[in-house]
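> Structure: input03.cif, mmCIF, C-alpha atoms.
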data_work
loop_
_atom_site.label_atom_id
_atom_site.label_comp_id
_atom_site.auth_asym_id
_atom_site.auth_seq_id
_atom_site.Cartn_x
_atom_site.Cartn_y
_atom_site.Cartn_z
CA MET A 261 -15.97 -22.97 3.17
CA ILE A 262 -13.06 -21.42 1.27
CA ARG A 263 -9.86 -23.41 1.70
CA ILE A 264 -6.74 -21.25 1.72
CA GLY A 265 -3.08 -22.10 1.27
CA VAL A 266 -0.40 -19.68 2.53
CA ILE A 267 3.05 -19.55 0.93
CA GLY A 268 5.68 -18.00 3.18
CA TYR A 269 5.80 -18.12 6.97
CA GLY A 270 8.49 -15.55 7.68
CA TYR A 271 7.75 -11.97 8.76
CA TRP A 272 4.19 -11.46 7.47
CA GLY A 273 3.04 -15.02 6.89
CA PRO A 274 2.13 -15.73 10.53
CA ASN A 275 -0.27 -12.75 10.49
CA LEU A 276 -1.92 -14.03 7.33
CA VAL A 277 -2.30 -17.55 8.73
CA ARG A 278 -3.75 -16.29 12.02
CA ASN A 279 -6.34 -14.07 10.36
CA CYS A 280 -7.31 -16.66 7.75
CA PHE A 281 -7.54 -19.31 10.48
CA GLU A 282 -9.89 -17.15 12.56
CA ALA A 283 -12.00 -15.80 9.66
CA ALA A 284 -15.54 -17.05 9.31
CA GLY A 285 -16.06 -19.03 6.13
CA ALA A 286 -12.37 -19.85 5.66
CA GLU A 287 -10.11 -22.76 6.46
CA VAL A 288 -6.31 -22.73 6.28
CA ALA A 289 -5.58 -26.01 4.51
CA SER A 290 -1.83 -25.78 4.01
CA VAL A 291 1.23 -23.62 4.70
CA SER A 292 4.44 -23.76 2.67
CA ASP A 293 7.87 -22.43 3.55
CA LEU A 294 11.40 -23.41 2.54
CA ARG A 295 12.57 -23.52 6.17
CA ALA A 296 11.68 -26.54 8.24
CA ASP A 297 11.99 -24.60 11.50
CA ARG A 298 9.32 -22.13 10.35
CA LEU A 299 6.98 -24.97 9.45
CA ALA A 300 7.61 -26.48 12.88
CA LEU A 301 6.16 -23.30 14.38
CA VAL A 302 3.05 -23.77 12.26
CA GLY A 303 2.69 -27.36 13.43
CA SER A 304 3.04 -26.46 17.09
CA ARG A 305 0.40 -23.71 16.95
CA TYR A 306 -1.96 -25.13 14.31
CA PRO A 307 -1.78 -28.94 14.45
CA THR A 308 -4.60 -29.34 11.92
CA ILE A 309 -2.83 -27.39 9.15
CA LYS A 310 -0.82 -29.36 6.62
CA THR A 311 2.74 -28.09 6.04
CA THR A 312 5.12 -28.55 3.12
CA GLN A 313 8.46 -27.21 1.90
CA ASN A 314 7.29 -27.66 -1.69
CA PHE A 315 5.12 -24.72 -2.76
CA ARG A 316 4.13 -26.57 -5.94
CA GLU A 317 2.42 -29.20 -3.81
CA LEU A 318 0.29 -26.48 -2.22
CA ILE A 319 -0.52 -24.68 -5.49
CA GLU A 320 -1.42 -27.89 -7.31
CA ASP A 321 -3.66 -29.18 -4.52
CA PRO A 322 -7.14 -29.30 -6.11
CA SER A 323 -8.85 -28.94 -2.73
CA ILE A 324 -7.37 -25.45 -2.19
CA ASP A 325 -9.49 -22.56 -3.48
CA ALA A 326 -7.24 -19.57 -2.77
CA VAL A 327 -3.55 -18.86 -2.22
CA ALA A 328 -2.04 -16.08 -0.09
CA ILE A 329 1.57 -15.21 -0.93
CA ALA A 330 3.95 -13.68 1.64
CA THR A 331 7.39 -14.16 0.09
CA PRO A 332 10.17 -11.85 -1.24
CA VAL A 333 9.00 -9.42 -3.93
CA SER A 334 11.15 -11.08 -6.60
CA THR A 335 9.06 -14.26 -6.25
CA HIS A 336 5.59 -12.69 -6.28
CA TYR A 337 5.00 -12.87 -10.02
CA GLU A 338 6.03 -16.49 -10.52
CA LEU A 339 4.04 -17.75 -7.55
CA ALA A 340 0.93 -15.72 -8.38
CA LEU A 341 1.14 -16.80 -12.02
CA ARG A 342 1.33 -20.49 -11.09
CA ALA A 343 -1.57 -20.14 -8.66
CA LEU A 344 -3.79 -18.41 -11.23
CA GLN A 345 -2.89 -21.01 -13.82
CA GLU A 346 -4.10 -23.66 -11.36
CA GLY A 347 -7.40 -21.82 -11.02
CA LYS A 348 -6.80 -20.32 -7.56
CA HIS A 349 -7.90 -16.96 -6.25
CA VAL A 350 -4.79 -15.03 -5.23
CA LEU A 351 -3.84 -12.55 -2.49
CA VAL A 352 -0.29 -11.19 -2.81
CA GLU A 353 1.74 -9.28 -0.22
CA LYS A 354 2.67 -5.77 -1.39
CA PRO A 355 3.87 -4.87 -3.96
CA LEU A 356 2.01 -7.07 -6.43
CA ALA A 357 5.03 -7.77 -8.66
CA SER A 358 8.41 -6.37 -9.73
CA ASN A 359 7.26 -4.42 -12.79
CA THR A 360 4.14 -3.28 -14.62
CA ASP A 361 4.39 -5.91 -17.37
CA GLN A 362 4.21 -8.66 -14.76
CA VAL A 363 1.27 -7.01 -13.00
CA GLN A 364 -0.64 -6.56 -16.24
CA HIS A 365 -0.10 -10.21 -17.14
CA LEU A 366 -1.51 -11.29 -13.77
CA ILE A 367 -4.52 -8.99 -14.21
CA ASP A 368 -5.22 -10.38 -17.68
CA LEU A 369 -4.92 -13.97 -16.51
CA ALA A 370 -7.15 -13.40 -13.47
CA GLN A 371 -9.83 -11.88 -15.68
CA LYS A 372 -9.53 -14.71 -18.19
CA ARG A 373 -9.86 -17.34 -15.45
CA ASN A 374 -12.53 -15.35 -13.60
CA ARG A 375 -10.47 -15.36 -10.42
CA VAL A 376 -9.95 -12.72 -7.73
CA LEU A 377 -6.53 -11.06 -7.79
CA MET A 378 -5.88 -8.86 -4.76
CA VAL A 379 -2.81 -7.10 -3.37
CA ASP A 380 -2.17 -6.78 0.35
CA HIS A 381 -2.24 -2.97 0.69
CA THR A 382 -2.94 -3.41 4.39
CA PHE A 383 -3.16 0.27 5.36
CA VAL A 384 -6.15 0.78 3.06
CA TYR A 385 -8.12 -1.44 5.46
CA THR A 386 -7.17 0.41 8.65
CA GLY A 387 -9.81 2.43 10.45
CA ALA A 388 -7.57 5.50 10.30
CA VAL A 389 -7.10 5.50 6.52
CA ARG A 390 -10.78 4.75 5.96
CA LYS A 391 -11.61 7.76 8.14
CA ILE A 392 -9.24 9.94 6.09
CA ARG A 393 -11.01 8.78 2.92
CA GLU A 394 -14.31 9.74 4.55
CA LEU A 395 -12.99 13.21 5.45
CA VAL A 396 -11.66 13.81 1.94
CA ASP A 397 -14.89 12.61 0.30
CA SER A 398 -16.97 14.89 2.52
CA GLY A 399 -15.36 17.97 0.97
CA ASN A 400 -14.98 19.58 4.40
CA LEU A 401 -11.20 19.76 4.06
CA GLY A 402 -11.47 21.99 1.01
CA GLU A 403 -9.02 21.78 -1.88
CA ILE A 404 -6.20 19.32 -1.23
CA TYR A 405 -2.78 21.00 -1.44
CA TYR A 406 -0.25 18.37 -0.45
CA TYR A 407 0.48 14.93 1.00
CA ASP A 408 3.70 14.77 3.04
CA SER A 409 4.87 11.61 4.77
CA VAL A 410 7.80 10.36 6.83
CA ARG A 411 8.10 6.58 7.13
CA VAL A 412 11.45 5.63 8.68
CA ASN A 413 12.95 3.04 11.03
CA LEU A 414 16.11 0.99 11.66
CA GLY A 415 15.80 -2.03 9.28
CA LEU A 416 14.49 -4.37 7.97
CA PHE A 417 16.97 -4.28 5.07
CA GLN A 418 15.62 -6.09 1.99
CA HIS A 419 17.91 -7.81 -0.46
CA ASP A 420 15.74 -7.65 -3.58
CA VAL A 421 14.06 -4.22 -3.41
CA ASN A 422 15.02 -0.72 -2.31
CA VAL A 423 13.45 1.22 0.55
CA LEU A 424 10.77 2.78 -1.65
CA TRP A 425 9.42 -0.64 -2.65
CA ASP A 426 9.40 -1.65 1.02
CA LEU A 427 8.15 1.46 2.85
CA ALA A 428 6.92 4.10 0.38
CA VAL A 429 4.60 1.49 -1.13
CA HIS A 430 2.40 1.96 1.95
CA ASP A 431 1.99 5.69 1.34
CA LEU A 432 1.42 5.17 -2.36
CA SER A 433 -1.38 2.72 -1.63
CA ILE A 434 -2.91 5.14 0.90
CA MET A 435 -2.75 8.01 -1.59
CA ASP A 436 -4.26 5.83 -4.30
CA TYR A 437 -7.20 5.13 -1.99
CA VAL A 438 -7.86 8.51 -0.34
CA LEU A 439 -6.98 11.11 -2.99
CA PRO A 440 -9.41 11.91 -5.82
CA PHE A 441 -6.61 12.49 -8.37
CA ARG A 442 -3.60 10.60 -9.76
CA PRO A 443 0.03 11.71 -10.11
CA CYS A 444 1.38 12.42 -13.60
CA ALA A 445 5.13 12.33 -12.91
CA VAL A 446 7.62 11.37 -10.21
CA SER A 447 11.12 12.33 -9.14
CA ALA A 448 13.21 10.34 -6.67
CA THR A 449 16.66 10.47 -5.14
CA GLY A 450 18.34 7.99 -2.84
CA LEU A 451 21.53 6.28 -1.75
CA SER A 452 22.77 2.94 -0.48
CA HIS A 453 25.11 2.88 2.49
CA VAL A 454 25.57 -0.89 2.41
CA PRO A 455 28.08 -2.20 -0.16
CA GLY A 456 26.23 -4.06 -2.86
CA GLY A 457 22.86 -3.24 -1.35
CA THR A 458 19.84 -1.36 -2.63
CA GLU A 459 19.01 2.24 -1.68
CA ASN A 460 18.27 2.39 2.05
CA ILE A 461 17.25 6.07 2.11
CA ALA A 462 15.12 7.79 -0.50
CA TYR A 463 13.01 10.88 -1.15
CA LEU A 464 10.09 10.60 -3.56
CA THR A 465 8.19 13.56 -5.00
CA LEU A 466 4.97 13.15 -6.98
CA PHE A 467 3.60 15.79 -9.33
CA PHE A 468 -0.02 16.26 -10.34
CA GLU A 469 -1.82 18.09 -13.14
CA GLY A 470 -3.34 20.52 -10.64
CA SER A 471 -1.79 22.52 -7.78
CA GLN A 472 -1.04 19.47 -5.64
CA ILE A 473 2.24 17.85 -4.67
CA ALA A 474 3.22 14.82 -2.60
CA HIS A 475 6.48 13.96 -0.88
CA ILE A 476 7.53 10.74 0.83
CA HIS A 477 10.66 10.21 2.91
CA SER A 478 11.61 6.55 3.40
CA ASN A 479 14.60 5.36 5.41
CA TRP A 480 15.87 2.04 6.81
CA LEU A 481 18.72 3.78 8.62
CA ALA A 482 16.90 5.96 11.15
CA PRO A 483 17.46 5.74 14.93
CA VAL A 484 13.73 5.95 15.64
CA LYS A 485 10.55 4.66 14.04
CA LEU A 486 8.30 7.37 12.59
CA ARG A 487 5.02 6.92 10.72
CA ARG A 488 3.64 10.44 10.31
CA THR A 489 1.64 11.96 7.46
CA LEU A 490 0.40 15.50 6.85
CA ILE A 491 -2.43 16.24 4.43
CA GLY A 492 -2.80 19.95 3.83
CA ALA A 493 -5.95 21.47 2.38
CA SER A 494 -7.53 24.90 1.97
CA ARG A 495 -9.93 24.68 4.92
CA LYS A 496 -8.60 21.98 7.24
CA MET A 497 -5.49 19.84 7.65
CA ILE A 498 -4.89 16.29 8.83
CA VAL A 499 -2.07 14.84 10.90
CA TYR A 500 -2.01 11.04 10.77
CA ASP A 501 0.38 9.29 13.16
CA ASP A 502 0.08 5.53 12.89
CA LEU A 503 2.15 5.01 16.04
CA GLU A 504 -0.35 6.91 18.20
CA GLN A 505 -2.45 4.54 20.26
CA SER A 506 -5.55 6.63 20.90
CA GLU A 507 -5.51 9.62 18.54
CA LYS A 508 -4.14 8.40 15.23
CA ILE A 509 -5.88 11.19 13.30
CA LYS A 510 -6.07 14.84 14.25
CA VAL A 511 -8.00 17.32 12.11
CA TYR A 512 -6.89 20.93 12.50
CA ASP A 513 -9.06 23.88 11.58
CA LYS A 514 -5.98 25.86 10.65
CA GLY A 515 -4.80 27.55 7.49
CA ILE A 516 -4.31 30.83 5.71
CA THR A 517 -6.59 33.35 4.01
CA LEU A 518 -5.45 35.42 1.05
CA ASN A 519 -6.90 38.86 0.41
CA ASN A 520 -6.13 41.03 -2.62
CA HIS A 521 -4.74 44.48 -1.94
CA GLN A 522 -7.43 47.13 -2.40
CA ASN A 523 -5.32 49.07 -4.89
CA PRO A 524 -6.08 47.51 -8.33
CA GLU A 525 -2.62 48.55 -9.54
CA LYS A 526 -1.06 46.35 -6.89
CA LEU A 527 -3.08 43.16 -7.21
CA TYR A 528 0.12 41.16 -6.93
CA GLN A 529 0.42 42.20 -3.33
CA MET A 530 -1.33 39.70 -1.12
CA LEU A 531 -2.14 40.02 2.53
CA VAL A 532 -1.75 36.64 4.23
CA GLY A 533 -4.00 36.02 7.20
CA TYR A 534 -3.67 33.05 9.53
CA ARG A 535 -6.69 31.11 10.72
CA THR A 536 -6.48 29.07 13.92
CA GLY A 537 -9.45 27.05 15.05
CA ASP A 538 -10.15 23.84 16.93
CA MET A 539 -8.48 20.45 16.72
CA LEU A 540 -10.67 17.37 16.41
CA ALA A 541 -9.50 13.79 16.99
CA PRO A 542 -12.22 11.64 15.40
CA GLN A 543 -12.82 8.13 16.66
CA VAL A 544 -11.59 5.42 14.31
CA ASP A 545 -12.55 1.77 14.02
CA GLY A 546 -10.02 -0.35 15.89
CA THR A 547 -10.66 -3.57 13.95
CA GLU A 548 -7.40 -5.19 12.86
CA ALA A 549 -6.74 -4.14 9.27
CA LEU A 550 -5.66 -7.58 8.11
CA ARG A 551 -8.84 -9.13 9.52
CA ARG A 552 -10.96 -6.66 7.56
CA GLU A 553 -8.81 -7.32 4.48
CA ILE A 554 -9.19 -11.11 4.69
CA ASP A 555 -12.96 -10.74 5.16
CA HIS A 556 -13.02 -8.52 2.06
CA PHE A 557 -11.00 -11.09 0.09
CA LEU A 558 -13.41 -13.86 1.04
CA ARG A 559 -16.45 -11.73 0.18
CA CYS A 560 -14.99 -10.86 -3.22
CA ILE A 561 -14.49 -14.56 -3.93
CA GLU A 562 -18.00 -15.49 -2.84
CA GLN A 563 -19.73 -12.62 -4.66
CA GLN A 564 -17.33 -12.34 -7.61
CA GLU A 565 -16.52 -8.71 -6.86
CA GLU A 566 -13.46 -6.63 -7.72
CA PRO A 567 -11.43 -5.93 -4.54
CA VAL A 568 -10.78 -2.40 -3.33
CA THR A 569 -7.08 -3.24 -3.68
CA GLY A 570 -7.38 -5.32 -6.81
CA GLY A 571 -5.06 -5.58 -9.77
CA GLY A 572 -5.72 -2.00 -10.89
CA ALA A 573 -4.56 -0.53 -7.58
CA GLY A 574 -1.54 -2.82 -7.63
CA LEU A 575 -0.68 -1.71 -11.16
CA ARG A 576 -0.86 2.00 -10.36
CA VAL A 577 1.40 1.61 -7.32
CA VAL A 578 3.96 -0.55 -9.12
CA GLU A 579 4.11 1.92 -12.01
CA ILE A 580 5.04 4.71 -9.59
CA LEU A 581 7.66 2.53 -7.86
CA GLN A 582 9.13 1.49 -11.20
CA ALA A 583 9.31 5.11 -12.39
CA ALA A 584 10.82 6.17 -9.05
CA SER A 585 13.60 3.60 -9.36
CA GLN A 586 14.27 4.85 -12.90
CA SER A 587 14.37 8.45 -11.69
CA MET A 588 16.65 7.56 -8.78
CA ALA A 589 19.12 5.90 -11.15
CA GLN A 590 19.25 9.21 -13.04
CA ARG A 591 19.74 11.35 -9.93
CA GLY A 592 16.20 12.62 -9.68
CA ARG A 593 15.26 13.25 -13.31
CA PRO A 594 11.43 13.44 -13.46
CA VAL A 595 9.76 10.46 -15.10
CA GLU A 596 6.26 10.74 -16.52
CA LEU A 597 3.65 8.16 -15.62
CA ARG A 598 1.99 6.58 -18.62
CA LEU A 599 -0.68 4.33 -17.14
CA THR A 600 -2.16 6.81 -14.67
CA THR A 601 -2.19 9.52 -17.35
CA LEU A 602 -4.03 7.23 -19.74
CA GLU A 603 -6.49 6.36 -16.95
CA ALA A 604 -7.16 10.06 -16.26
CA THR A 605 -7.93 10.78 -19.91
CA ALA A 606 -10.01 7.64 -20.52
#
Could you show the structure in this file as structure tokens?

Amino acid sequence: MIRIGVIGYGYWGPNLVRNCFEAAGAEVASVSDLRADRLALVGSRYPTIKTTQNFRELIEDPSIDAVAIATPVSTHYELALRALQEGKHVLVEKPLASNTDQVQHLIDLAQKRNRVLMVDHTFVYTGAVRKIRELVDSGNLGEIYYYDSVRVNLGLFQHDVNVLWDLAVHDLSIMDYVLPFRPCAVSATGLSHVPGGTENIAYLTLFFEGSQIAHIHSNWLAPVKLRRTLIGASRKMIVYDDLEQSEKIKVYDKGITLNNHQNPEKLYQMLVGYRTGDMLAPQVDGTEALRREIDHFLRCIEQQEEPVTGGGAGLRVVEILQAASQSMAQRGRPVELRLTTLEATA
């Protein structure tokens, strides 16, 4: 039985506690939060779980094997570092830390202590995203051309990170999982409409070595909630709408065909033909993503495996976010990615 402590019982913490509480082979031993009223909610629903306002008490408890962290991004590194130093396995809410140096330090420490370090890239564990990965891996889509996503809503405004670190991180983790190539540079623009606040609207473009491009629109100041992604390829195209209840993924047999002009002196002239075929809505596994993620975390601890969303995935995503913030501060100047480029040439 793996005993888990959860730090943070605000927005995401209750979901972590519920799934850890119900997971086979796990026991939620303790929950920590700075607010007494939040801990009172834990006590009323889970009377057997110990609660504390002192996170150090939870981390230093020798009976606890693993720690799940669901706190503001600015606190992720310090809490994860303390937990690893105490010999705990660690699951951290996205993103893993505030910069790549912090993430790399956590990776190094986890490897040194032989502990599992995992980041909560929840969408990677959804049935829909796993199906997209399956479709891409099959090769039936053809050559990938682009990834285009809109992820907007009204709120929740974060005080310590901008909208890219809050919303675009989901798309970056999805791309990291489903695409067979890594970006080499990023460009981002954005603005804050709240005095003293971080950027609440942003546009992120990712460049690749090949003929691919990705674009992500993130916005906390939209009148409606949209979660829609287009993946365009040479043979088929995918529309992924996370808000759809029954048909989250639609695969369209649509595209274009290019034929050279018969006159060899006019090869530059292309005739564009349009291909329209069927639409398929494949069935996706409806298992709750966080339940699958917690099960994966437990299995990695038991079998000493590297998680699908381990430190490496967390590092790649944070590097993009860090570069995007740098680009945004310079009004969209492209910033090259060092770590993913090194990985591609290794």
> Using all atoms listed in the file, determine which residues lie at most 8 Å from Thr547 of chain A, disregarding the query and same-chain residues fewer than 2 positions distant; provide the list as a PyMOL selection string.
chain A and resi 386-387+545+549+551-552
> Looking at A:Tyr406, A:Tyr512, A:Phe468, A:Tyr306, which one is nearest to Arg442 of chain A, with distances taken over only C-alpha atoms?
A:Phe468
> Go through segment 508-598 of chain A residue by residue and, counting all atoms listed in the file, keep those with an atom at most 12 Å from segment 409-421 of chain A; for each kept residue give the shortest atom pair and its distance in Å to one decimal, ordered by chain and increasing number, as JSON lines.

{"residue": "A:Leu581", "atom": "CA", "partner": "A:Val421", "partner_atom": "CA", "distance": 10.3}
{"residue": "A:Gln582", "atom": "CA", "partner": "A:Val421", "partner_atom": "CA", "distance": 10.8}
{"residue": "A:Ser585", "atom": "CA", "partner": "A:Val421", "partner_atom": "CA", "distance": 9.8}
> Which residue is closest to Ser334 of chain A? Choose from A:Val532, A:Leu369, A:Leu356, A:Ile473 and count all atoms listed in the file.
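Closest to Ser334 of chain A, using all atoms listed in the file: A:Leu356.
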> I want to know what sits within 8 Å of Leu575 of chain A, based on only C-alpha atoms, with residues of the same chain fewer than 5 positions away left out; could you give that as a PyMOL selection string?
chain A and resi 356+360+363-364
> Identify which of the residues A:Leu276, A:Val302, A:Ala584, A:Leu451 lies closest to Leu550 of chain A, counting all atoms listed in the file when measuring atom-to-atom distances.
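Comparing A:Leu276, A:Val302, A:Ala584, A:Leu451 against Leu550 of chain A, the winner is A:Leu276.
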> Looking at all atoms listed in the file, which of A:Ile498, A:Ala283, A:Ala448, A:Leu351 is the one that sits closest to His381 of chain A?
A:Leu351
> My list of candidates is A:Thr331, A:Gln362, A:Ser506, A:Gln590. Which is closest to Tyr271 of chain A when distances are computed with only C-alpha atoms?
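Ranking A:Thr331, A:Gln362, A:Ser506, A:Gln590 by distance to Tyr271 of chain A, first place goes to A:Thr331.
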> How would you write as a PDB file with C-alpha atoms, keeping the file's coordinate frame the residues that get within 10 Å of (0.9, -8.6, -5.9) in the file's frame, counting all atoms listed in the file?

ATOM      1  CA  ALA A 328      -2.040 -16.080  -0.090  1.00  0.00           C
ATOM      2  CA  ILE A 329       1.570 -15.210  -0.930  1.00  0.00           C
ATOM      3  CA  ALA A 330       3.950 -13.680   1.640  1.00  0.00           C
ATOM      4  CA  VAL A 333       9.000  -9.420  -3.930  1.00  0.00           C
ATOM      5  CA  THR A 335       9.060 -14.260  -6.250  1.00  0.00           C
ATOM      6  CA  HIS A 336       5.590 -12.690  -6.280  1.00  0.00           C
ATOM      7  CA  TYR A 337       5.000 -12.870 -10.020  1.00  0.00           C
ATOM      8  CA  LEU A 339       4.040 -17.750  -7.550  1.00  0.00           C
ATOM      9  CA  ALA A 340       0.930 -15.720  -8.380  1.00  0.00           C
ATOM     10  CA  VAL A 350      -4.790 -15.030  -5.230  1.00  0.00           C
ATOM     11  CA  LEU A 351      -3.840 -12.550  -2.490  1.00  0.00           C
ATOM     12  CA  VAL A 352      -0.290 -11.190  -2.810  1.00  0.00           C
ATOM     13  CA  GLU A 353       1.740  -9.280  -0.220  1.00  0.00           C
ATOM     14  CA  LYS A 354       2.670  -5.770  -1.390  1.00  0.00           C
ATOM     15  CA  PRO A 355       3.870  -4.870  -3.960  1.00  0.00           C
ATOM     16  CA  LEU A 356       2.010  -7.070  -6.430  1.00  0.00           C
ATOM     17  CA  ALA A 357       5.030  -7.770  -8.660  1.00  0.00           C
ATOM     18  CA  SER A 358       8.410  -6.370  -9.730  1.00  0.00           C
ATOM     19  CA  GLN A 362       4.210  -8.660 -14.760  1.00  0.00           C
ATOM     20  CA  VAL A 363       1.270  -7.010 -13.000  1.00  0.00           C
ATOM     21  CA  LEU A 366      -1.510 -11.290 -13.770  1.00  0.00           C
ATOM     22  CA  ILE A 367      -4.520  -8.990 -14.210  1.00  0.00           C
ATOM     23  CA  LEU A 377      -6.530 -11.060  -7.790  1.00  0.00           C
ATOM     24  CA  MET A 378      -5.880  -8.860  -4.760  1.00  0.00           C
ATOM     25  CA  VAL A 379      -2.810  -7.100  -3.370  1.00  0.00           C
ATOM     26  CA  ASP A 380      -2.170  -6.780   0.350  1.00  0.00           C
ATOM     27  CA  HIS A 381      -2.240  -2.970   0.690  1.00  0.00           C
ATOM     28  CA  THR A 569      -7.080  -3.240  -3.680  1.00  0.00           C
ATOM     29  CA  GLY A 570      -7.380  -5.320  -6.810  1.00  0.00           C
ATOM     30  CA  GLY A 571      -5.060  -5.580  -9.770  1.00  0.00           C
ATOM     31  CA  ALA A 573      -4.560  -0.530  -7.580  1.00  0.00           C
ATOM     32  CA  GLY A 574      -1.540  -2.820  -7.630  1.00  0.00           C
ATOM     33  CA  LEU A 575      -0.680  -1.710 -11.160  1.00  0.00           C
ATOM     34  CA  VAL A 578       3.960  -0.550  -9.120  1.00  0.00           C
TER      35      VAL A 578
END
> Atom CA of Met539 of chain A to atom CA of Ile509 of chain A: how many Å, to one decimal?
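It comes out at 10.2 Å.
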> Find the residues around Asp297 of chain A up to 12 Å (only C-alpha atoms counted), leave out those fewer than 6 positions away in its own chain, and share them as a JSON list (two decimals) with C-alpha atoms, in the frame of the given file.

[["chain", "number", "residue", "atom", "x", "y", "z"],
["A", 269, "TYR", "CA", 5.80, -18.12, 6.97],
["A", 270, "GLY", "CA", 8.49, -15.55, 7.68],
["A", 303, "GLY", "CA", 2.69, -27.36, 13.43],
["A", 304, "SER", "CA", 3.04, -26.46, 17.09],
["A", 311, "THR", "CA", 2.74, -28.09, 6.04],
["A", 312, "THR", "CA", 5.12, -28.55, 3.12],
["A", 313, "GLN", "CA", 8.46, -27.21, 1.90]]
> Missing atoms in segment 292-303 of chain A: fill them in up to N, CA and C atoms and send the result as a PDB file, keeping the file's coordinate frame.

ATOM      1  N   SER A 292       3.166 -23.356   3.281  1.00  0.00           N
ATOM      2  CA  SER A 292       4.440 -23.760   2.670  1.00  0.00           C
ATOM      3  C   SER A 292       5.525 -22.753   3.013  1.00  0.00           C
ATOM      4  N   ASP A 293       6.701 -23.272   3.319  1.00  0.00           N
ATOM      5  CA  ASP A 293       7.870 -22.430   3.550  1.00  0.00           C
ATOM      6  C   ASP A 293       9.105 -23.292   3.288  1.00  0.00           C
ATOM      7  N   LEU A 294      10.178 -22.653   2.845  1.00  0.00           N
ATOM      8  CA  LEU A 294      11.400 -23.410   2.540  1.00  0.00           C
ATOM      9  C   LEU A 294      12.125 -23.868   3.797  1.00  0.00           C
ATOM     10  N   ARG A 295      11.865 -23.201   4.920  1.00  0.00           N
ATOM     11  CA  ARG A 295      12.570 -23.520   6.170  1.00  0.00           C
ATOM     12  C   ARG A 295      11.748 -24.459   7.044  1.00  0.00           C
ATOM     13  N   ALA A 296      12.367 -25.556   7.411  1.00  0.00           N
ATOM     14  CA  ALA A 296      11.680 -26.540   8.240  1.00  0.00           C
ATOM     15  C   ALA A 296      11.365 -25.996   9.630  1.00  0.00           C
ATOM     16  N   ASP A 297      12.233 -25.138  10.162  1.00  0.00           N
ATOM     17  CA  ASP A 297      11.990 -24.600  11.500  1.00  0.00           C
ATOM     18  C   ASP A 297      10.773 -23.686  11.528  1.00  0.00           C
ATOM     19  N   ARG A 298      10.513 -22.986  10.410  1.00  0.00           N
ATOM     20  CA  ARG A 298       9.320 -22.130  10.350  1.00  0.00           C
ATOM     21  C   ARG A 298       8.064 -22.997  10.291  1.00  0.00           C
ATOM     22  N   LEU A 299       8.137 -24.077   9.539  1.00  0.00           N
ATOM     23  CA  LEU A 299       6.980 -24.970   9.450  1.00  0.00           C
ATOM     24  C   LEU A 299       6.722 -25.668  10.784  1.00  0.00           C
ATOM     25  N   ALA A 300       7.790 -25.876  11.559  1.00  0.00           N
ATOM     26  CA  ALA A 300       7.610 -26.480  12.880  1.00  0.00           C
ATOM     27  C   ALA A 300       6.786 -25.570  13.781  1.00  0.00           C
ATOM     28  N   LEU A 301       6.948 -24.261  13.607  1.00  0.00           N
ATOM     29  CA  LEU A 301       6.160 -23.300  14.380  1.00  0.00           C
ATOM     30  C   LEU A 301       4.682 -23.391  14.002  1.00  0.00           C
ATOM     31  N   VAL A 302       4.428 -23.608  12.714  1.00  0.00           N
ATOM     32  CA  VAL A 302       3.050 -23.770  12.260  1.00  0.00           C
ATOM     33  C   VAL A 302       2.446 -25.010  12.918  1.00  0.00           C
ATOM     34  N   GLY A 303       3.198 -26.117  12.878  1.00  0.00           N
ATOM     35  CA  GLY A 303       2.690 -27.360  13.430  1.00  0.00           C
ATOM     36  C   GLY A 303       2.411 -27.295  14.915  1.00  0.00           C
TER      37      GLY A 303
END
